[in-house]
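*Asks:* Quick one: this structure, given as structure tokens, is what I'll be asking you about.
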Amino acid sequence: MSLTVRRATDADFDALIEHDQRGFGTTHAPGWIEAVRRLLDLERFLFAEVDGVLAGVTGAVPFPMGVPGGQVGIEGVTWVSVLPTHRRRGVLRALMEAQIPTLGTAVAALTASEGTLYGRYGYGAATEYRRIRIDRRFAVFRPEAPDPGGVRMITRDEARTHAPEVHARWAAATPASVLRGPVLWEYFLDDPADERDGGTALFHLAHPDGYASYRMHHDRGTMVVRDLFAATPEAHAALWRVLLTGDFVGHLETTQCPPGDALGFLLTDPRLIRTTEQRDGVWVRVLDVPAALAARRYARELDLVLEVHDPQLGTSRTRLTGGPDGADAAPTDALPDVVLGASALGSLYLGGHRASTLARAGLVEGPGVAALDAAFVADRPPMHGTGF
Ligand SMILES: CC(C)(COP(=O)(O)OP(=O)(O)OC[C@H]1O[C@@H](n2cnc3c(N)ncnc32)[C@H](O)[C@@H]1OP(=O)(O)O)[C@@H](O)C(=O)NCCC(=O)NCCS
């Protein structure tokens, strides 16, 4: 078999859509196809061809992602699939290995269809994602829980201004956040009828520091919250109070409430928040160790040498000094305080997993584990908010 990997061009758009439908076994709605046509830069896509047939694809979309203490520009790796007729012959491996040198940022990230695929290419599971279901009939707020008010229903046109502004503030403060650009906002707020899964059009809630949208599925007595972005604890409490005290439906479902969210502590019965699905969320791949480490902030002062074993990019040593106000990182020959693989570094990068946990699994070693543990942890639960 002759396997070649090439960059795609604009002329490949229809082939990309056809391949994606076959690769994922799905049919894309026309509204979605038009949105992605405006969103994607085909030059950021690689096509794997086997004996001249398009057999596999990987792509990248750049966007700012939240990290502890700020945001970094990342490449979001996406649209990865191999035709059902060409699997388990090394097409994914060829694509992933060809893509790494083309990624132009210090950090890349993806979300994975399966948990076994990407560790071998240096990606590490960095956040947890969950879907929850709440029986609203029994949801009661603690008597002393904050009740800041200030939520109003707004039109879709009002949301076009309010939602991106509040979302940008939420994203700047939330590790793993995906900053939605104008095209994505337009797509989300256009709310195409063929993408409503049998539900109503979206309803929009605005708080001065928050935004939520939901649709009703009256046939199954469920409210599905699609967006919930709160830049302050007041906005978070105020929006949840409105969402949980409505009538007409029995259950609320959402993926916008990550593990560690404060909602459980606002309610008299935290067990009402039933997790119906929980798994890895964002996977992070550090491509440039010094640049990536210097781009985030740390909960405690630290001065450590990290030795990173990277399956594609080789072994490197980096001295990291920093704390809550910023960090410096540079290559060094000094002896390491911690030794870890690229995938483990990816798992730690957003502060969603603890170094001590990975050390117990044998993935991080050395006398610096405790310092890494205290410094890397994020001050709020990572949440990406938008799939990619
Ligand atoms: C997942 C998918 C991309 C794998 O492509 P592929 O070309 O069959 O993968 P490869 O043959 O290159 O395998 C690469 C490595 O992954 C392993 N692997 C691939 N698919 C696997 C699976 N489903 N479970 C476990 N391991 C898997 C292979 O054993 C191989 O390991 P090795 O190189 O270390 O020996 C392909 O099955 C697919 O398109 N699935 C449907 C769409 C999808 O899930 N896309 C991923 C979205 S994140």
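Simple scheme: letters A, B, ... for chains in structure tokens order, numbers from 1 for residues in each chain, numbers from 1 for ligands in the order shown.
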With DSSP run on the backbone, what are the strand (DSSP E) residues within range 224-291 of chain A? I'd like them as number ranges by chain.
*Replies:* A: 224-230, 251-254, 273-280, 282-286
*Asks:* Output the neighbourhood of ligand 1 as a compact mmCIF listing (two decimals) with N, CA, C and O atoms, in the first residue's frame, that is, all protein and nucleic acid residues with some atom at most 7 Å from the ligand, counting only C-alpha atoms and all ligand atoms.
*Replies:*
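Now in out23.txt:
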# COMPACT_ATOMS: atom_id res chain seq x y z
N GLY A 23 -16.29 8.80 7.81
CA GLY A 23 -15.40 8.46 8.92
C GLY A 23 -16.15 8.36 10.24
O GLY A 23 -15.87 7.50 11.07
N PHE A 24 -17.10 9.29 10.46
CA PHE A 24 -17.84 9.30 11.73
C PHE A 24 -19.21 8.64 11.60
O PHE A 24 -19.95 8.58 12.59
N TRP A 79 -11.33 17.03 13.55
CA TRP A 79 -11.71 16.37 12.28
C TRP A 79 -10.86 15.12 12.01
O TRP A 79 -10.63 14.76 10.86
N VAL A 80 -10.39 14.47 13.07
CA VAL A 80 -9.52 13.30 12.87
C VAL A 80 -10.38 12.08 12.58
O VAL A 80 -11.21 11.69 13.40
N SER A 81 -10.20 11.48 11.42
CA SER A 81 -10.87 10.20 11.17
C SER A 81 -10.21 9.47 10.00
O SER A 81 -9.54 10.08 9.16
N VAL A 82 -10.42 8.16 10.00
CA VAL A 82 -9.90 7.28 8.95
C VAL A 82 -11.09 6.48 8.41
O VAL A 82 -11.97 6.07 9.19
N LEU A 83 -11.14 6.29 7.12
CA LEU A 83 -12.26 5.57 6.51
C LEU A 83 -12.40 4.18 7.13
O LEU A 83 -11.39 3.52 7.40
N PRO A 84 -13.64 3.70 7.29
CA PRO A 84 -13.83 2.34 7.85
C PRO A 84 -13.06 1.27 7.06
O PRO A 84 -12.67 0.26 7.63
N HIS A 86 -10.12 1.53 5.83
CA HIS A 86 -8.65 1.68 5.88
C HIS A 86 -8.09 1.71 7.30
O HIS A 86 -6.98 2.18 7.51
N ARG A 87 -8.88 1.20 8.26
CA ARG A 87 -8.43 1.32 9.66
C ARG A 87 -7.42 0.24 10.04
O ARG A 87 -7.34 -0.79 9.40
N ARG A 88 -6.69 0.54 11.11
CA ARG A 88 -5.67 -0.36 11.70
C ARG A 88 -4.58 -0.72 10.71
O ARG A 88 -4.10 -1.84 10.67
N ARG A 89 -4.20 0.25 9.91
CA ARG A 89 -3.07 0.04 9.00
C ARG A 89 -2.06 1.18 9.15
O ARG A 89 -1.25 1.42 8.27
N GLY A 90 -2.20 1.97 10.21
CA GLY A 90 -1.20 3.01 10.45
C GLY A 90 -1.52 4.36 9.85
O GLY A 90 -0.66 5.24 9.84
N VAL A 91 -2.77 4.56 9.36
CA VAL A 91 -3.09 5.86 8.76
C VAL A 91 -3.12 6.96 9.83
O VAL A 91 -2.56 8.05 9.65
N LEU A 92 -3.77 6.68 10.97
CA LEU A 92 -3.80 7.69 12.05
C LEU A 92 -2.37 8.02 12.50
O LEU A 92 -2.02 9.19 12.67
N ARG A 93 -1.57 7.00 12.70
CA ARG A 93 -0.19 7.26 13.14
C ARG A 93 0.53 8.16 12.14
O ARG A 93 1.18 9.14 12.54
N ALA A 94 0.39 7.87 10.85
CA ALA A 94 1.06 8.70 9.84
C ALA A 94 0.58 10.14 9.93
O ALA A 94 1.38 11.09 9.84
N THR A 111 -10.18 16.87 21.70
CA THR A 111 -11.08 16.03 22.48
C THR A 111 -11.15 14.70 21.75
O THR A 111 -11.14 14.66 20.52
N ALA A 112 -11.18 13.61 22.49
CA ALA A 112 -10.96 12.28 21.90
C ALA A 112 -12.22 11.43 21.90
O ALA A 112 -12.97 11.44 22.87
N SER A 113 -12.42 10.70 20.81
CA SER A 113 -13.57 9.79 20.75
C SER A 113 -13.32 8.56 21.61
O SER A 113 -14.25 7.92 22.10
N GLU A 114 -12.05 8.19 21.77
CA GLU A 114 -11.70 7.04 22.60
C GLU A 114 -10.47 7.38 23.44
O GLU A 114 -9.60 8.13 23.00
N THR A 116 -7.94 5.59 24.37
CA THR A 116 -6.66 4.89 24.14
C THR A 116 -5.84 5.48 23.00
O THR A 116 -4.73 5.04 22.76
N LEU A 117 -6.38 6.45 22.28
CA LEU A 117 -5.77 6.81 21.00
C LEU A 117 -4.54 7.71 21.08
O LEU A 117 -3.56 7.50 20.37
N ARG A 120 -0.05 8.04 22.92
CA ARG A 120 1.17 7.62 22.18
C ARG A 120 1.72 8.76 21.32
O ARG A 120 2.85 8.69 20.86
*Asks:* So which residues touch range 12-17 of chain A within 12 Å, counting only C-alpha atoms, skipping near sequence neighbours fewer than 5 positions away, as a PyMOL selection string?
*Replies:* chain A and resi 6-7+22-30+32-34+36-48+53-59+79-83
*Asks:* Based on the selection just made, write N, CA, C and O atoms of those residues as a short mmCIF file (atom, residue, chain, number, x, y, z; two decimals), in the first residue's frame.
*Replies:*
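Dumped to out16.cif:
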data_model
loop_
_atom_site.label_atom_id
_atom_site.label_comp_id
_atom_site.auth_asym_id
_atom_site.auth_seq_id
_atom_site.Cartn_x
_atom_site.Cartn_y
_atom_site.Cartn_z
N ARG A 6 -0.54 14.76 2.58
CA ARG A 6 -0.37 16.06 1.94
C ARG A 6 -1.23 17.10 2.63
O ARG A 6 -2.21 16.76 3.31
N ARG A 7 -0.88 18.37 2.43
CA ARG A 7 -1.72 19.46 2.92
C ARG A 7 -2.96 19.58 2.03
O ARG A 7 -2.85 19.44 0.81
N ARG A 22 -18.38 9.82 6.24
CA ARG A 22 -18.06 8.38 6.20
C ARG A 22 -17.25 7.97 7.43
O ARG A 22 -17.48 6.92 8.02
N GLY A 23 -16.29 8.80 7.81
CA GLY A 23 -15.40 8.46 8.92
C GLY A 23 -16.15 8.36 10.24
O GLY A 23 -15.87 7.50 11.07
N PHE A 24 -17.10 9.29 10.46
CA PHE A 24 -17.84 9.30 11.73
C PHE A 24 -19.21 8.64 11.60
O PHE A 24 -19.95 8.58 12.59
N GLY A 25 -19.57 8.18 10.39
CA GLY A 25 -20.88 7.55 10.20
C GLY A 25 -22.02 8.49 10.53
O GLY A 25 -22.91 8.15 11.31
N THR A 26 -21.99 9.68 9.94
CA THR A 26 -23.00 10.68 10.28
C THR A 26 -23.39 11.47 9.03
O THR A 26 -22.73 11.36 7.99
N THR A 27 -24.48 12.23 9.13
CA THR A 27 -24.86 13.13 8.04
C THR A 27 -24.86 14.55 8.59
O THR A 27 -25.54 14.81 9.59
N HIS A 28 -24.11 15.43 7.98
CA HIS A 28 -24.07 16.80 8.48
C HIS A 28 -25.21 17.62 7.93
O HIS A 28 -25.55 17.52 6.75
N ALA A 29 -25.79 18.46 8.80
CA ALA A 29 -26.87 19.34 8.38
C ALA A 29 -26.30 20.48 7.52
O ALA A 29 -25.17 20.92 7.74
N PRO A 30 -27.11 20.97 6.54
CA PRO A 30 -26.62 22.03 5.65
C PRO A 30 -26.13 23.27 6.41
O PRO A 30 -25.11 23.86 6.05
N TRP A 32 -24.81 23.48 9.30
CA TRP A 32 -23.52 23.19 9.93
C TRP A 32 -22.40 23.24 8.88
O TRP A 32 -21.33 23.80 9.12
N ILE A 33 -22.69 22.67 7.70
CA ILE A 33 -21.67 22.66 6.64
C ILE A 33 -21.30 24.10 6.25
O ILE A 33 -20.12 24.44 6.09
N GLU A 34 -22.32 24.96 6.16
CA GLU A 34 -22.03 26.34 5.77
C GLU A 34 -21.22 27.06 6.85
O GLU A 34 -20.32 27.85 6.57
N VAL A 36 -19.06 25.65 8.98
CA VAL A 36 -17.66 25.20 9.00
C VAL A 36 -16.92 25.67 7.76
O VAL A 36 -15.72 25.89 7.80
N ARG A 37 -17.66 25.87 6.66
CA ARG A 37 -16.99 26.38 5.46
C ARG A 37 -16.33 27.74 5.75
O ARG A 37 -15.24 28.04 5.30
N ARG A 38 -17.02 28.55 6.59
CA ARG A 38 -16.46 29.87 6.92
C ARG A 38 -15.42 29.79 8.03
O ARG A 38 -14.59 30.68 8.18
N LEU A 39 -15.47 28.71 8.79
CA LEU A 39 -14.60 28.62 9.97
C LEU A 39 -13.24 28.02 9.65
O LEU A 39 -12.22 28.41 10.23
N LEU A 40 -13.22 27.06 8.73
CA LEU A 40 -12.00 26.25 8.56
C LEU A 40 -11.03 26.87 7.57
O LEU A 40 -11.43 27.42 6.55
N ASP A 41 -9.76 26.71 7.88
CA ASP A 41 -8.70 27.05 6.94
C ASP A 41 -8.15 25.69 6.46
O ASP A 41 -7.46 25.00 7.21
N LEU A 42 -8.48 25.33 5.24
CA LEU A 42 -8.13 23.99 4.74
C LEU A 42 -6.62 23.77 4.72
O LEU A 42 -6.15 22.63 4.74
N GLU A 43 -5.86 24.86 4.67
CA GLU A 43 -4.40 24.71 4.67
C GLU A 43 -3.89 24.14 6.00
O GLU A 43 -2.75 23.68 6.09
N ARG A 44 -4.75 24.17 7.03
CA ARG A 44 -4.37 23.61 8.33
C ARG A 44 -4.77 22.12 8.42
O ARG A 44 -4.70 21.53 9.49
N PHE A 45 -5.21 21.55 7.30
CA PHE A 45 -5.65 20.15 7.29
C PHE A 45 -4.65 19.29 6.54
O PHE A 45 -4.06 19.72 5.55
N LEU A 46 -4.48 18.05 7.02
CA LEU A 46 -3.65 17.08 6.31
C LEU A 46 -4.54 15.94 5.82
O LEU A 46 -5.41 15.47 6.56
N PHE A 47 -4.32 15.53 4.59
CA PHE A 47 -5.04 14.40 4.00
C PHE A 47 -4.06 13.24 3.85
O PHE A 47 -2.96 13.42 3.30
N ALA A 48 -4.47 12.05 4.31
CA ALA A 48 -3.67 10.84 4.06
C ALA A 48 -4.32 10.10 2.89
O ALA A 48 -5.53 9.82 2.93
N VAL A 53 -6.40 7.21 -2.82
CA VAL A 53 -7.75 7.41 -2.26
C VAL A 53 -7.64 8.14 -0.92
O VAL A 53 -6.80 7.77 -0.09
N LEU A 54 -8.50 9.17 -0.73
CA LEU A 54 -8.49 9.88 0.55
C LEU A 54 -8.94 8.91 1.64
O LEU A 54 -10.09 8.45 1.65
N ALA A 55 -8.03 8.59 2.57
CA ALA A 55 -8.31 7.56 3.58
C ALA A 55 -8.37 8.13 4.99
O ALA A 55 -9.02 7.56 5.87
N GLY A 56 -7.71 9.27 5.23
CA GLY A 56 -7.69 9.80 6.58
C GLY A 56 -7.45 11.30 6.58
O GLY A 56 -6.86 11.85 5.66
N VAL A 57 -7.94 11.95 7.65
CA VAL A 57 -7.85 13.42 7.75
C VAL A 57 -7.47 13.79 9.18
O VAL A 57 -7.89 13.14 10.13
N THR A 58 -6.67 14.82 9.31
CA THR A 58 -6.57 15.55 10.58
C THR A 58 -6.52 17.03 10.26
O THR A 58 -6.04 17.43 9.20
N GLY A 59 -7.05 17.84 11.18
CA GLY A 59 -7.06 19.28 10.95
C GLY A 59 -6.70 20.03 12.22
O GLY A 59 -6.59 19.44 13.30
N TRP A 79 -11.33 17.03 13.55
CA TRP A 79 -11.71 16.37 12.28
C TRP A 79 -10.86 15.12 12.01
O TRP A 79 -10.63 14.76 10.86
N VAL A 80 -10.39 14.47 13.07
CA VAL A 80 -9.52 13.30 12.87
C VAL A 80 -10.38 12.08 12.58
O VAL A 80 -11.21 11.69 13.40
N SER A 81 -10.20 11.48 11.42
CA SER A 81 -10.87 10.20 11.17
C SER A 81 -10.21 9.47 10.00
O SER A 81 -9.54 10.08 9.16
N VAL A 82 -10.42 8.16 10.00
CA VAL A 82 -9.90 7.28 8.95
C VAL A 82 -11.09 6.48 8.41
O VAL A 82 -11.97 6.07 9.19
N LEU A 83 -11.14 6.29 7.12
CA LEU A 83 -12.26 5.57 6.51
C LEU A 83 -12.40 4.18 7.13
O LEU A 83 -11.39 3.52 7.40
#
*Asks:* Just list the residues in range 215-336 of chain A DSSP gives helix (DSSP H, G or I) on the backbone, as a VMD selection string.
*Replies:* chain A and resid 218 to 220 233 to 244 263 to 266 270 to 272 289 to 294
*Asks:* If you take only C-alpha atoms and a cut-off of 12 Å, which residues of range 160-185 of chain A touch range 288-303 of chain A, and what are their nearest atom pairs and distances in Å to one decimal, in chain and number order, as JSON lines?
*Replies:*
{"residue": "A:Ala173", "atom": "CA", "partner": "A:Arg296", "partner_atom": "CA", "distance": 11.9}
{"residue": "A:Pro175", "atom": "CA", "partner": "A:Arg296", "partner_atom": "CA", "distance": 9.9}
{"residue": "A:Ala176", "atom": "CA", "partner": "A:Arg296", "partner_atom": "CA", "distance": 11.9}
*Asks:* Restricted to N, CA, C and O atoms, what would the selected residues look like written as a PDB file, in the first residue's frame?
*Replies:*
ATOM      1  N   ALA A 173     -10.879  33.684  32.520  1.00  0.00           N
ATOM      2  CA  ALA A 173     -10.655  33.274  33.914  1.00  0.00           C
ATOM      3  C   ALA A 173     -10.779  31.763  34.109  1.00  0.00           C
ATOM      4  O   ALA A 173     -10.674  31.286  35.235  1.00  0.00           O
ATOM      5  N   PRO A 175      -9.553  27.882  33.146  1.00  0.00           N
ATOM      6  CA  PRO A 175      -8.642  26.975  32.445  1.00  0.00           C
ATOM      7  C   PRO A 175      -9.418  26.035  31.515  1.00  0.00           C
ATOM      8  O   PRO A 175     -10.510  25.588  31.857  1.00  0.00           O
ATOM      9  N   ALA A 176      -8.847  25.783  30.357  1.00  0.00           N
ATOM     10  CA  ALA A 176      -9.397  24.886  29.320  1.00  0.00           C
ATOM     11  C   ALA A 176     -10.471  25.544  28.470  1.00  0.00           C
ATOM     12  O   ALA A 176     -10.944  24.938  27.506  1.00  0.00           O
TER      13      ALA A 176
END
*Asks:* Using only C-alpha atoms, determine which residues lie at most 6 Å from range 125-127 of chain A, disregarding the query and same-chain residues fewer than 2 positions distant; provide the list as a PyMOL selection string.
*Replies:* chain A and resi 280-283+347+352
*Asks:* My list of candidates is A:Ala35, A:Leu287, A:Gly149, A:Leu252. Which is closest to Val183 in chain A when distances are computed with only C-alpha atoms?
*Replies:* A:Ala35
*Asks:* Counting only C-alpha atoms, what is within 9 Å of Asp247 in chain A, bar same-chain residues fewer than 3 positions away, as a VMD selection string?
*Replies:* chain A and resid 136 to 137 244 250
*Asks:* Skip Trp185 in chain A itself and residues of its chain fewer than 5 positions away, then list as a PyMOL selection string all residues within 9 Å of it, counting only C-alpha atoms.
*Replies:* chain A and resi 160+163-164+180+190
*Asks:* My list of candidates is A:Ala355, A:Val140, A:Val377, A:Leu205. Which is closest to Glu158 in chain A when distances are computed with only C-alpha atoms?
*Replies:*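 Checking each candidate against Glu158 in chain A, we get A:Leu205 as the closest.
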*Asks:* In Å, rounded to a single decimal, give me how far CA of Gly346 in chain A is from CA of Thr315 in chain A.
*Replies:*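 Atom-to-atom, CA of Thr315 in chain A and CA of Gly346 in chain A are spaced 14.9 Å apart.
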*Asks:* Point out the residue among A:Tyr129, A:Gly181, A:Glu75, A:Leu335 with the least atom-to-atom distance to Arg279 in chain A, counting only C-alpha atoms.
*Replies:* A:Tyr129
*Asks:* Find the residues near Ala330 in chain A: any atom within 7 Å, counting only C-alpha atoms, skip ones fewer than 5 places away on the same chain, and give them as a ChimeraX atom specification.
*Replies:* /A:290,318-320
*Asks:* For CA of Ala139 in chain A and CA of Asp269 in chain A, quote the distance in Å rounded to one decimal.
*Replies:* 7.4 Å
*Asks:* Would you mind telling me which residue in A:Val166, A:Pro259, A:Arg131, A:Pro182 lies nearest to Val224 in chain A when using only C-alpha atoms?
*Replies:*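 Closest candidate: A:Arg131.
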*Asks:* When distances are computed from only C-alpha atoms, which of A:Val305, A:Ala159, A:Asp194, A:Gly385 shows the smallest separation from Thr321 in chain A?
*Replies:* A:Val305
